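So this one's work_0.csv, CSV, N, CA and C atoms:
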chain,number,residue,atom,x,y,z
U,1,MET,N,0.8,-1.2,0.0
U,1,MET,CA,0.0,0.0,0.0
U,1,MET,C,0.9,1.3,0.0
U,2,LYS,N,2.0,1.2,0.8
U,2,LYS,CA,2.9,2.4,0.8
U,2,LYS,C,3.5,2.7,-0.6
U,3,LYS,N,3.8,1.6,-1.3
U,3,LYS,CA,4.4,1.8,-2.6
U,3,LYS,C,3.4,2.4,-3.6
U,4,LEU,N,2.1,2.0,-3.5
U,4,LEU,CA,1.1,2.5,-4.3
U,4,LEU,C,0.9,4.0,-4.0
U,5,THR,N,0.9,4.4,-2.8
U,5,THR,CA,0.8,5.8,-2.4
U,5,THR,C,1.9,6.6,-3.0
U,6,LYS,N,3.2,6.1,-2.9
U,6,LYS,CA,4.3,6.8,-3.5
U,6,LYS,C,4.2,7.0,-5.0
U,7,VAL,N,3.7,5.9,-5.6
U,7,VAL,CA,3.5,6.0,-7.1
U,7,VAL,C,2.4,7.1,-7.4
U,8,LEU,N,1.4,7.1,-6.7
U,8,LEU,CA,0.3,8.0,-6.9
U,8,LEU,C,0.8,9.5,-6.6
U,9,VAL,N,1.5,9.7,-5.6
U,9,VAL,CA,2.0,11.0,-5.3
U,9,VAL,C,3.0,11.5,-6.4
U,10,TYR,N,3.9,10.6,-6.8
U,10,TYR,CA,4.8,10.9,-7.8
U,10,TYR,C,4.1,11.2,-9.1
U,11,THR,N,3.1,10.4,-9.5
U,11,THR,CA,2.3,10.7,-10.7
U,11,THR,C,1.6,12.0,-10.6
U,12,ALA,N,1.0,12.3,-9.5
U,12,ALA,CA,0.3,13.6,-9.3
U,12,ALA,C,1.3,14.8,-9.4
U,13,ALA,N,2.5,14.6,-8.9
U,13,ALA,CA,3.5,15.7,-9.0
U,13,ALA,C,3.9,15.9,-10.4
U,14,VAL,N,4.2,14.8,-11.2
U,14,VAL,CA,4.5,14.9,-12.6
U,14,VAL,C,3.4,15.6,-13.4
U,15,ALA,N,2.2,15.2,-13.1
U,15,ALA,CA,1.0,15.7,-13.8
U,15,ALA,C,0.9,17.2,-13.5
U,16,ALA,N,1.1,17.6,-12.3
U,16,ALA,CA,0.9,19.0,-11.9
U,16,ALA,C,2.0,19.8,-12.6
U,17,SER,N,3.2,19.3,-12.6
U,17,SER,CA,4.3,20.1,-13.3
U,17,SER,C,4.1,20.2,-14.8
U,18,MET,N,3.5,19.2,-15.4
U,18,MET,CA,3.2,19.2,-16.8
U,18,MET,C,2.1,20.3,-17.1
U,19,LEU,N,1.1,20.3,-16.2
U,19,LEU,CA,0.1,21.3,-16.4
U,19,LEU,C,0.6,22.7,-16.3
U,20,MET,N,1.6,22.9,-15.4
U,20,MET,CA,2.1,24.3,-15.2
U,20,MET,C,3.0,24.7,-16.3
U,21,THR,N,3.5,23.8,-17.1
U,21,THR,CA,4.3,24.2,-18.2
U,21,THR,C,3.7,23.9,-19.6
U,22,THR,N,2.4,23.8,-19.6
U,22,THR,CA,1.7,23.7,-20.9
U,22,THR,C,1.8,24.9,-21.7
U,23,ALA,N,1.6,24.8,-23.0
U,23,ALA,CA,1.6,26.0,-23.9
U,23,ALA,C,3.0,26.6,-24.0
U,24,CYS,N,4.1,25.7,-24.0
U,24,CYS,CA,5.4,26.2,-24.0
U,24,CYS,C,5.8,26.9,-25.3
U,25,ALA,N,5.2,26.5,-26.4
U,25,ALA,CA,5.5,27.1,-27.7
U,25,ALA,C,4.7,28.4,-27.8
U,26,THR,N,5.2,29.4,-27.2
U,26,THR,CA,4.5,30.7,-27.2
U,26,THR,C,5.4,31.7,-28.0
U,27,SER,N,4.8,32.8,-28.4
U,27,SER,CA,5.5,33.8,-29.2
U,27,SER,C,6.0,34.9,-28.3
U,28,TYR,N,5.9,34.7,-27.0
U,28,TYR,CA,6.4,35.7,-26.1
U,28,TYR,C,7.1,35.0,-24.9
U,29,PRO,N,8.0,35.7,-24.2
U,29,PRO,CA,8.6,35.1,-23.0
U,29,PRO,C,7.6,34.6,-22.0
U,30,PHE,N,7.7,33.4,-21.5
U,30,PHE,CA,6.7,32.8,-20.6
U,30,PHE,C,7.4,32.4,-19.3
U,31,GLY,N,6.9,32.9,-18.2
U,31,GLY,CA,7.4,32.5,-16.9
U,31,GLY,C,6.4,31.5,-16.3
U,32,THR,N,6.8,30.4,-15.8
U,32,THR,CA,5.9,29.4,-15.2
U,32,THR,C,5.1,30.0,-14.1
U,33,LEU,N,5.7,30.8,-13.2
U,33,LEU,CA,5.1,31.3,-12.0
U,33,LEU,C,4.4,32.6,-12.3
U,34,TYR,N,5.0,33.5,-13.1
U,34,TYR,CA,4.4,34.8,-13.3
U,34,TYR,C,5.0,35.4,-14.6
U,35,THR,N,4.2,36.0,-15.4
U,35,THR,CA,4.6,36.7,-16.7
U,35,THR,C,4.0,38.0,-16.8
U,36,LYS,N,4.8,39.1,-17.0
U,36,LYS,CA,4.3,40.4,-17.3
U,36,LYS,C,5.2,41.0,-18.2
U,37,VAL,N,4.9,41.0,-19.5
U,37,VAL,CA,5.8,41.6,-20.5
U,37,VAL,C,5.0,42.5,-21.5
U,38,ASP,N,5.7,43.5,-22.0
U,38,ASP,CA,5.2,44.3,-23.1
U,38,ASP,C,6.0,44.1,-24.3
U,39,LEU,N,5.4,43.8,-25.4
U,39,LEU,CA,6.2,43.5,-26.6
U,39,LEU,C,5.7,44.4,-27.8
U,40,PRO,N,6.6,44.8,-28.7
U,40,PRO,CA,6.2,45.5,-29.9
U,40,PRO,C,5.6,44.5,-30.9
U,41,VAL,N,4.7,45.0,-31.7
U,41,VAL,CA,4.0,44.1,-32.7
U,41,VAL,C,4.4,44.7,-34.1
U,42,ALA,N,4.0,45.9,-34.3
U,42,ALA,CA,4.2,46.4,-35.7
U,42,ALA,C,4.2,48.0,-35.7
U,43,VAL,N,4.7,48.5,-36.7
U,43,VAL,CA,4.7,50.0,-36.9
U,43,VAL,C,3.9,50.2,-38.2
U,44,GLY,N,2.9,51.1,-38.1
U,44,GLY,CA,2.0,51.3,-39.2
U,44,GLY,C,2.5,52.3,-40.2
U,45,ASN,N,3.2,53.4,-39.7
U,45,ASN,CA,3.8,54.4,-40.5
U,45,ASN,C,5.0,54.9,-39.8
U,46,SER,N,5.7,55.8,-40.5
U,46,SER,CA,7.0,56.2,-39.9
U,46,SER,C,6.8,57.3,-38.8
U,47,GLU,N,5.6,57.7,-38.6
U,47,GLU,CA,5.4,58.8,-37.6
U,47,GLU,C,5.2,58.1,-36.3
U,48,LEU,N,6.0,58.5,-35.3
U,48,LEU,CA,5.8,57.9,-34.0
U,48,LEU,C,5.0,58.9,-33.1
U,49,GLN,N,4.1,59.7,-33.7
U,49,GLN,CA,3.3,60.6,-32.9
U,49,GLN,C,1.9,60.0,-33.0
U,50,TRP,N,1.2,60.3,-31.9
U,50,TRP,CA,-0.2,59.8,-31.8
U,50,TRP,C,-1.0,60.7,-30.9
U,51,SER,N,-2.3,60.7,-31.2
U,51,SER,CA,-3.2,61.5,-30.4
U,51,SER,C,-4.3,60.6,-29.7
U,52,ARG,N,-4.4,59.3,-30.2
U,52,ARG,CA,-5.4,58.4,-29.6
U,52,ARG,C,-4.7,57.1,-29.3
U,53,LYS,N,-5.3,56.4,-28.3
U,53,LYS,CA,-4.8,55.1,-27.9
U,53,LYS,C,-6.1,54.2,-27.7
U,54,GLY,N,-6.0,53.0,-28.3
U,54,GLY,CA,-7.1,52.0,-28.2
U,54,GLY,C,-6.6,50.7,-27.7
U,55,THR,N,-7.3,50.0,-26.8
U,55,THR,CA,-6.9,48.7,-26.3
U,55,THR,C,-8.0,47.7,-26.5
U,56,ALA,N,-7.6,46.5,-26.7
U,56,ALA,CA,-8.5,45.3,-26.7
U,56,ALA,C,-7.8,44.2,-26.0
U,57,SER,N,-8.6,43.4,-25.3
U,57,SER,CA,-8.1,42.3,-24.4
U,57,SER,C,-8.8,41.0,-24.6
U,58,CYS,N,-8.1,40.0,-24.2
U,58,CYS,CA,-8.8,38.7,-24.1
U,58,CYS,C,-8.2,38.1,-22.8
U,59,TYR,N,-8.9,37.1,-22.3
U,59,TYR,CA,-8.6,36.5,-21.0
U,59,TYR,C,-8.5,35.0,-21.1
U,60,SER,N,-7.7,34.4,-20.2
U,60,SER,CA,-7.6,33.0,-20.2
U,60,SER,C,-7.7,32.5,-18.7
U,61,VAL,N,-8.5,31.5,-18.5
U,61,VAL,CA,-8.6,31.0,-17.1
U,61,VAL,C,-8.2,29.5,-17.1
U,62,LEU,N,-7.2,29.2,-16.3
U,62,LEU,CA,-6.7,27.8,-16.1
U,62,LEU,C,-6.1,27.2,-17.4
U,63,GLY,N,-5.9,28.0,-18.4
U,63,GLY,CA,-5.5,27.5,-19.7
U,63,GLY,C,-6.5,26.6,-20.3
U,64,LEU,N,-7.7,26.6,-19.8
U,64,LEU,CA,-8.8,25.8,-20.3
U,64,LEU,C,-9.9,26.6,-21.0
U,65,ILE,N,-10.1,27.9,-20.5
U,65,ILE,CA,-11.1,28.7,-21.1
U,65,ILE,C,-10.5,30.0,-21.5
U,66,ALA,N,-10.7,30.5,-22.7
U,66,ALA,CA,-10.2,31.7,-23.2
U,66,ALA,C,-11.3,32.5,-23.9
U,67,ASN,N,-11.4,33.8,-23.7
U,67,ASN,CA,-12.5,34.6,-24.3
U,67,ASN,C,-12.0,36.0,-24.5
U,68,GLY,N,-12.5,36.6,-25.5
U,68,GLY,CA,-12.2,38.0,-25.8
U,68,GLY,C,-11.7,38.2,-27.2
U,69,ASP,N,-11.6,39.5,-27.6
U,69,ASP,CA,-11.1,39.9,-28.9
U,69,ASP,C,-10.0,40.9,-28.7
U,70,ALA,N,-8.8,40.4,-28.8
U,70,ALA,CA,-7.6,41.3,-28.7
U,70,ALA,C,-7.0,41.7,-30.0
U,71,SER,N,-7.9,41.7,-31.0
U,71,SER,CA,-7.4,42.1,-32.4
U,71,SER,C,-7.0,43.5,-32.5
U,72,ILE,N,-6.2,43.8,-33.5
U,72,ILE,CA,-5.8,45.2,-33.8
U,72,ILE,C,-7.1,46.0,-34.3
U,73,ASN,N,-7.9,45.3,-35.0
U,73,ASN,CA,-9.1,46.0,-35.5
U,73,ASN,C,-10.0,46.4,-34.3
U,74,ASN,N,-10.2,45.6,-33.3
U,74,ASN,CA,-11.0,45.9,-32.2
U,74,ASN,C,-10.4,47.0,-31.3
U,75,ALA,N,-9.0,47.0,-31.2
U,75,ALA,CA,-8.4,48.1,-30.5
U,75,ALA,C,-8.5,49.4,-31.2
U,76,CYS,N,-8.4,49.4,-32.5
U,76,CYS,CA,-8.7,50.6,-33.3
U,76,CYS,C,-10.1,51.1,-33.1
U,77,LYS,N,-11.1,50.2,-33.2
U,77,LYS,CA,-12.5,50.6,-33.0
U,77,LYS,C,-12.7,51.2,-31.6
U,78,ASN,N,-12.1,50.6,-30.5
U,78,ASN,CA,-12.2,51.0,-29.2
U,78,ASN,C,-11.6,52.4,-29.0
U,79,GLY,N,-10.5,52.7,-29.7
U,79,GLY,CA,-9.9,54.0,-29.6
U,79,GLY,C,-10.2,55.0,-30.6
U,80,GLY,N,-11.1,54.7,-31.5
U,80,GLY,CA,-11.5,55.6,-32.6
U,80,GLY,C,-10.3,55.9,-33.5
U,81,ILE,N,-9.5,54.9,-33.8
U,81,ILE,CA,-8.3,55.2,-34.6
U,81,ILE,C,-8.5,54.7,-36.1
U,82,THR,N,-8.1,55.6,-37.0
U,82,THR,CA,-8.2,55.2,-38.4
U,82,THR,C,-6.9,55.1,-39.1
U,83,LYS,N,-5.9,55.8,-38.5
U,83,LYS,CA,-4.5,55.7,-39.0
U,83,LYS,C,-3.6,55.2,-37.9
U,84,VAL,N,-3.0,54.0,-38.1
U,84,VAL,CA,-2.2,53.4,-37.0
U,84,VAL,C,-0.8,53.9,-37.1
U,85,SER,N,-0.2,54.3,-35.9
U,85,SER,CA,1.2,54.6,-35.8
U,85,SER,C,2.0,53.4,-35.4
U,86,TRP,N,1.6,52.8,-34.3
U,86,TRP,CA,2.3,51.5,-33.9
U,86,TRP,C,1.4,50.7,-33.0
U,87,VAL,N,1.8,49.5,-32.8
U,87,VAL,CA,1.0,48.5,-32.0
U,87,VAL,C,1.9,47.8,-31.0
U,88,THR,N,1.4,47.6,-29.8
U,88,THR,CA,2.1,46.8,-28.8
U,88,THR,C,1.2,45.8,-28.3
U,89,TYR,N,1.8,44.8,-27.6
U,89,TYR,CA,1.1,43.6,-27.1
U,89,TYR,C,1.6,43.4,-25.7
U,90,SER,N,0.7,43.2,-24.7
U,90,SER,CA,1.2,43.0,-23.4
U,90,SER,C,0.5,41.7,-22.8
U,91,VAL,N,1.3,41.0,-22.0
U,91,VAL,CA,0.8,39.8,-21.4
U,91,VAL,C,1.0,39.9,-19.9
U,92,ASN,N,0.0,39.5,-19.1
U,92,ASN,CA,0.0,39.4,-17.7
U,92,ASN,C,-0.6,38.1,-17.3
U,93,ASN,N,0.3,37.1,-16.8
U,93,ASN,CA,-0.2,35.8,-16.6
U,93,ASN,C,0.3,35.4,-15.2
U,94,ILE,N,-0.5,34.8,-14.3
U,94,ILE,CA,-0.2,34.4,-13.0
U,94,ILE,C,-0.4,32.9,-12.9
U,95,LEU,N,0.8,32.2,-12.7
U,95,LEU,CA,0.8,30.8,-12.5
U,95,LEU,C,0.1,30.0,-13.6
U,96,GLY,N,-0.1,30.6,-14.7
U,96,GLY,CA,-0.8,29.9,-15.8
U,96,GLY,C,-2.3,29.7,-15.5
U,97,THR,N,-2.8,30.3,-14.4
U,97,THR,CA,-4.2,30.1,-14.0
U,97,THR,C,-5.1,31.2,-14.5
U,98,TYR,N,-4.5,32.4,-14.6
U,98,TYR,CA,-5.3,33.6,-15.1
U,98,TYR,C,-4.4,34.5,-15.9
U,99,GLY,N,-4.8,34.7,-17.1
U,99,GLY,CA,-4.0,35.6,-18.0
U,99,GLY,C,-4.8,36.6,-18.7
U,100,VAL,N,-4.2,37.8,-18.9
U,100,VAL,CA,-4.8,38.9,-19.6
U,100,VAL,C,-3.8,39.2,-20.7
U,101,TYR,N,-4.3,39.3,-22.0
U,101,TYR,CA,-3.5,39.5,-23.2
U,101,TYR,C,-4.1,40.8,-23.8
U,102,THR,N,-3.4,41.8,-23.9
U,102,THR,CA,-3.9,43.1,-24.4
U,102,THR,C,-3.1,43.6,-25.6
U,103,THR,N,-3.8,44.0,-26.6
U,103,THR,CA,-3.3,44.7,-27.8
U,103,THR,C,-3.5,46.2,-27.6
U,104,THR,N,-2.5,47.0,-27.8
U,104,THR,CA,-2.7,48.5,-27.7
U,104,THR,C,-2.3,49.1,-29.0
U,105,VAL,N,-3.1,49.9,-29.6
U,105,VAL,CA,-2.9,50.6,-30.8
U,105,VAL,C,-2.7,52.1,-30.6
U,106,TYR,N,-1.7,52.7,-31.1
U,106,TYR,CA,-1.5,54.1,-31.0
U,106,TYR,C,-1.7,54.7,-32.4
U,107,GLY,N,-2.4,55.8,-32.5
U,107,GLY,CA,-2.5,56.4,-33.8
U,107,GLY,C,-3.5,57.6,-33.8
U,108,ASP,N,-4.1,58.0,-34.9
U,108,ASP,CA,-5.0,59.1,-35.0
U,108,ASP,C,-6.3,58.7,-35.6
Let's see the structure in the file written out as structure tokens.
Amino acid sequence: MKKLTKVLVYTAAVAASMLMTTACATSYPFGTLYTKVDLPVAVGNSELQWSRKGTASCYSVLGLIANGDASINNACKNGGITKVSWVTYSVNNILGTYGVYTTTVYGD
């Protein structure tokens, strides 16, 4: 019985560590415990001046449920932007259990 308990504990530990490191093939730096990064996405024109900013976000819970529209189009719509100067992307993820992914568009 003790041997079975050890096997079950070991299996549960391996399964838990695998769950914490899922989605390893990401396009941004990923920390297993905590991630907060801001990344450039694109530059729309050579002018780095802007008068408006629009954001759009999506959310992930437990890596099982994800919802939202973090597209550049949605960020432009939310900010009333018709001419894009540049775009950034930010990630805030805690223990892989809750994540917020935000696209920010700067322009006029």
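Taking atom N of Leu39 (chain U) as the reference point, atom C of Asn73 (chain U) is found at 18.0 Å.
Taking atom N of Lys2 (chain U) as the reference point, atom C of Val14 (chain U) is found at 20.3 Å.
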Please check which residues have atoms at most 7 Å from (-3.8, 33.7, -17.5) in the file's coordinates, counting only N, CA and C atoms, and write them as a ChimeraX atom specification.
/U:59-63,92-100
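Minimum atom-to-atom distances from U:Ser85, U:Thr11, U:Ser90, U:Thr5 to Tyr106 (chain U) were compared using all atoms listed in the file, and the lowest value belongs to U:Ser85.
Considering the residues U:Ile81, U:Cys76, U:Val87, U:Cys58 and counting only N, CA and C atoms, Tyr101 (chain U) has its shortest atom-to-atom contact with U:Cys58.
Taking only N, CA and C atoms into account, the residues near (2.4, 46.9, -25.0), no farther than 6 Å, are U:Asp38, U:Leu39, U:Pro40, U:Thr88, U:Tyr89, U:Ser90, U:Thr104.
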Which residue, U:Ala13, U:Ala66, U:Leu8, U:Ala75, has the smallest gap to Lys53 (chain U) when you use all atoms listed in the file?
U:Ala75
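Minimum distance to Ser71 (chain U) across U:Ala12, U:Ser51, U:Val84, U:Thr103 (counting only N, CA and C atoms) occurs at U:Thr103.
Ranking U:Val7, U:Trp86, U:Gly107, U:Gly79 by their shortest atom-to-atom distance to Thr55 (chain U), with all atoms listed in the file included, puts U:Gly79 first.
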Distance in Å - CA of Val37 (chain U) versus CA of Lys77 (chain U):
23.9 Å
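Of the listed residues (U:Leu64, U:Leu4, U:Ile72, U:Ala56), U:Ile72 comes nearest to Ala42 (chain U); the distances count only C-alpha atoms.
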